[in-house]
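K.L.:
Sharing a structure, written as structure tokens. Questions coming.
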Amino acid sequence: MTSLAEELLIAVVTIVIVISALLGGFSLMTWVERRTLALMQYRLGPNRTGPFGILQPVADGIKLFFKEEAMPAAADKWAFLAAPVVAVATALLATAVIPYGPPFQAFGRRLQIQIADIEVGLLFILAVTAIGVYGIVIAGWAANNKYSLLGGLRSSAQMFSYELALGFSWVTLIMAARSFRINDIVADQSGWFLNWNVFLHFPAFLVYVLAATAEVARTPFDLPEAESELVAGFHTEYSSMRFALIQMAEYINMITVTVLLANLFLGGWHSGIPGMPETLAGFPLGFVWWGLKVAFFLFVFIWLRATLPRFRYDQLMHLGWKVLIPLVAVWVMVFAAWVAISG
Amino acid sequence: MMDAILFYAFAAIAVASAVVVISQRNPMYSALALIVTLCSVAVIFGLLGSPFIAVLQVIVYAGAIMVLFLFVLMLLNVKREEDGPGEGARTLRGLALALVALLVLQAGTVLLRFELAPAPSFDASTVEMARILFSPQFLYAFEATSILILAALVGAVVLAKKEL
């Protein structure tokens, strides 16, 4: 087998693994979320379909697939059909530059579950997220419904307000690692766990967690979920599989920001204890540390949802523009000054 | 080889969507087509060995600026434009003018014998690129352009607001 064919095979296998893991993760998350929420609220949650109700996502998928798909008569047909596709495509595109777990040795070569290790990884994610906003804008506009339009404006204003704080919170990490590449930023955090960016860059960590929560519209920033007081939002007119696609894009975005959180701030696949063996019986232990960090923060998202009430729209804008952005801007200036003085 | 195929593919998309931008009667579609153009140009930047500029192109132009355009179009609820009287003649005049402009520009190139500069071999890392962009060679010119844009902005406000 030639080298090019091998490279191609590795690329295709990696893409298939990442996409299927994300889609599997999406359906599993819907079930985990409903069960955990239910337990936190002294309910049972979906427990009828299969053991512990684990087949509930399958049942939901079948139900959504067979539902009638309705489109408002005055909707802009092509834009209405394209909007969920834009949302899902950009959500999946952003996952391409993220490393999932450590590099490992297999089949006599060094492999890593990452589709493309590009030099401008973090900027690429910001760019794709910026395009992802159009999924929401177009969905809100195309339905030709005033509530959808207002919801679309609200959600997209929320997304790009918090995108600023989100991108800003990465700046000091990039300065410290001197690279936009996510692998370099993870490598920068090896050694003791005190090297993790969450400690040195705590203000950036704080801003990232809040901005990421708002960016993926999770509680307490989940205004599109407010159907009784705000008529939901940009996806009001969507039904059936297109509604499922929008939900899928939201969950994939949530997994993306969580994986980024683990990689950028919590040392990625580093155990944080020097001298910890790299592999156990040939299995790279990095996957365990990394998986635990990701799982914990996915749980935190659900925990927040069970705990906090929703922000009002003006409070949302106030927090984004008048608290988070000034905070992170000051932190970036302080850190930049420190880097300049210490050389 | 692969680069050439991708280049021509995205160049074709960029030109086709640019034509859609000016030929569409629905302003929303024009704006969406412009986003496609900007993204295709970003891909071409990437193919020329500058992923940094490619990504900035998407973030700044396709992302931040076009979202504002779409917001305005959505809020003003701009409808599809209909043909007014004398539409055909206007189209012909426009095409003729475009043709003349093209000829004049091409004549200039041919008569003045512009030398085509050899493509600079550029294979710098992102950090290197940032260092070049923020060097005094480009920094002052860039900042001066920003002031120019600010002047345009102030002018637009002054023209739009009758009373300040």
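For the structure tokens, the naming scheme is as follows: chains receive sequential letters (A, B, ...) according to their order of presentation, residues are indexed from 1 within each chain, and ligands are indexed from 1 in presentation order.
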Using only C-alpha atoms, which protein or nucleic acid residues come within 12 Å of B:Ala16? Drop anything in the same chain fewer than 6 positions from it, and give the result as a PDB file with N, CA and C atoms, in the first residue's frame.

P.N.:
```
ATOM      1  N   TYR B   8      -9.287  26.440  -8.958  1.00  0.00           N
ATOM      2  CA  TYR B   8     -10.250  26.769 -10.001  1.00  0.00           C
ATOM      3  C   TYR B   8     -11.675  26.546  -9.530  1.00  0.00           C
ATOM      4  N   ALA B   9     -11.887  25.504  -8.726  1.00  0.00           N
ATOM      5  CA  ALA B   9     -13.233  25.245  -8.226  1.00  0.00           C
ATOM      6  C   ALA B   9     -13.720  26.424  -7.390  1.00  0.00           C
ATOM      7  N   PHE B  10     -12.871  26.870  -6.448  1.00  0.00           N
ATOM      8  CA  PHE B  10     -13.330  27.934  -5.562  1.00  0.00           C
ATOM      9  C   PHE B  10     -13.332  29.293  -6.252  1.00  0.00           C
ATOM     10  N   ILE B  22     -25.024  40.643  -7.511  1.00  0.00           N
ATOM     11  CA  ILE B  22     -25.522  41.832  -8.199  1.00  0.00           C
ATOM     12  C   ILE B  22     -26.736  41.549  -9.072  1.00  0.00           C
ATOM     13  N   SER B  23     -27.024  40.266  -9.374  1.00  0.00           N
ATOM     14  CA  SER B  23     -28.152  40.012 -10.271  1.00  0.00           C
ATOM     15  C   SER B  23     -29.423  39.638  -9.518  1.00  0.00           C
ATOM     16  N   GLN B  24     -29.309  39.221  -8.249  1.00  0.00           N
ATOM     17  CA  GLN B  24     -30.492  38.824  -7.503  1.00  0.00           C
ATOM     18  C   GLN B  24     -31.380  40.030  -7.187  1.00  0.00           C
ATOM     19  N   SER B  30     -28.888  38.191  -2.097  1.00  0.00           N
ATOM     20  CA  SER B  30     -27.647  38.869  -2.460  1.00  0.00           C
ATOM     21  C   SER B  30     -26.648  38.787  -1.316  1.00  0.00           C
ATOM     22  N   ALA B  33     -25.311  35.313  -0.899  1.00  0.00           N
ATOM     23  CA  ALA B  33     -24.344  34.991  -1.953  1.00  0.00           C
ATOM     24  C   ALA B  33     -23.008  35.676  -1.682  1.00  0.00           C
ATOM     25  N   LEU B  34     -23.076  36.892  -1.111  1.00  0.00           N
ATOM     26  CA  LEU B  34     -21.829  37.595  -0.791  1.00  0.00           C
ATOM     27  C   LEU B  34     -21.035  36.831   0.266  1.00  0.00           C
ATOM     28  N   VAL B  36     -20.998  33.613   0.552  1.00  0.00           N
ATOM     29  CA  VAL B  36     -20.367  32.508  -0.177  1.00  0.00           C
ATOM     30  C   VAL B  36     -19.109  33.012  -0.886  1.00  0.00           C
ATOM     31  N   THR B  37     -19.216  34.198  -1.533  1.00  0.00           N
ATOM     32  CA  THR B  37     -18.041  34.759  -2.219  1.00  0.00           C
ATOM     33  C   THR B  37     -16.887  34.942  -1.244  1.00  0.00           C
ATOM     34  N   LEU B  38     -17.183  35.561  -0.101  1.00  0.00           N
ATOM     35  CA  LEU B  38     -16.112  35.858   0.855  1.00  0.00           C
ATOM     36  C   LEU B  38     -15.465  34.577   1.361  1.00  0.00           C
ATOM     37  N   SER B  40     -15.291  31.684  -0.271  1.00  0.00           N
ATOM     38  CA  SER B  40     -14.484  31.089  -1.348  1.00  0.00           C
ATOM     39  C   SER B  40     -13.142  31.806  -1.460  1.00  0.00           C
TER      40      SER B  40
END
```

K.L.:
Mind running chain A against chain B at 8 Å and telling me each contacting residue's nearest atom pair with the distance in Å (one decimal), counting only C-alpha atoms, chain and number ascending, as a Markdown table?

P.N.:
```
| residue | atom | partner | partner_atom | distance |
| --- | --- | --- | --- | --- |
| A:Glu119 | CA | B:Thr126 | CA | 7.3 |
| A:Val120 | CA | B:Phe52 | CA | 6.4 |
| A:Leu123 | CA | B:Val55 | CA | 6.4 |
| A:Phe124 | CA | B:Val55 | CA | 5.9 |
| A:Leu126 | CA | B:Ile59 | CA | 6.9 |
| A:Ala127 | CA | B:Ile59 | CA | 4.6 |
| A:Val128 | CA | B:Ile59 | CA | 8.0 |
| A:Ala130 | CA | B:Gly63 | CA | 4.9 |
| A:Ile131 | CA | B:Gly63 | CA | 5.8 |
| A:Tyr134 | CA | B:Val67 | CA | 7.5 |
| A:Val137 | CA | B:Leu70 | CA | 7.9 |
| A:Trp141 | CA | B:Met74 | CA | 6.7 |
| A:Leu149 | CA | B:Met74 | CA | 7.8 |
| A:Leu153 | CA | B:Phe71 | CA | 7.3 |
| A:Arg178 | CA | B:Val127 | CA | 7.8 |
| A:Ser179 | CA | B:Val127 | CA | 7.5 |
```

K.L.:
Generate the output file for the selected residues, C-alpha atoms, as an mmCIF file, in the first residue's frame.

P.N.:
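And here's selection_34.cif as it stands now:
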```cif
data_model
loop_
_atom_site.group_PDB
_atom_site.id
_atom_site.type_symbol
_atom_site.label_atom_id
_atom_site.label_comp_id
_atom_site.auth_asym_id
_atom_site.auth_seq_id
_atom_site.Cartn_x
_atom_site.Cartn_y
_atom_site.Cartn_z
ATOM 1 C CA GLU A 119 -1.774 25.689 12.593
ATOM 2 C CA VAL A 120 -4.599 28.161 13.237
ATOM 3 C CA LEU A 123 -9.025 30.784 14.986
ATOM 4 C CA PHE A 124 -10.603 28.197 12.702
ATOM 5 C CA LEU A 126 -13.966 31.025 15.860
ATOM 6 C CA ALA A 127 -14.425 31.417 12.098
ATOM 7 C CA VAL A 128 -16.712 28.406 11.822
ATOM 8 C CA ALA A 130 -19.152 32.935 13.130
ATOM 9 C CA ILE A 131 -20.638 31.168 10.089
ATOM 10 C CA TYR A 134 -26.139 32.301 9.955
ATOM 11 C CA VAL A 137 -30.322 34.120 11.434
ATOM 12 C CA TRP A 141 -35.934 35.043 8.895
ATOM 13 C CA LEU A 149 -37.612 36.661 13.392
ATOM 14 C CA LEU A 153 -32.276 38.281 16.143
ATOM 15 C CA ARG A 178 2.936 30.947 21.548
ATOM 16 C CA SER A 179 0.707 28.988 19.167
#
```

K.L.:
Distance atom CA of A:Asn47-atom CA of A:Val32, one decimal place?

P.N.:
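Atom-to-atom, atom CA of A:Asn47 and atom CA of A:Val32 are spaced 11.2 Å apart.
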
K.L.:
Could you pull out the strand (DSSP E or B) residues of stretch 66-306 of chain A, going by DSSP on the backbone, and write them as a PyMOL selection string?

P.N.:
chain A and resi 100-106+109-113+279-280+283-284
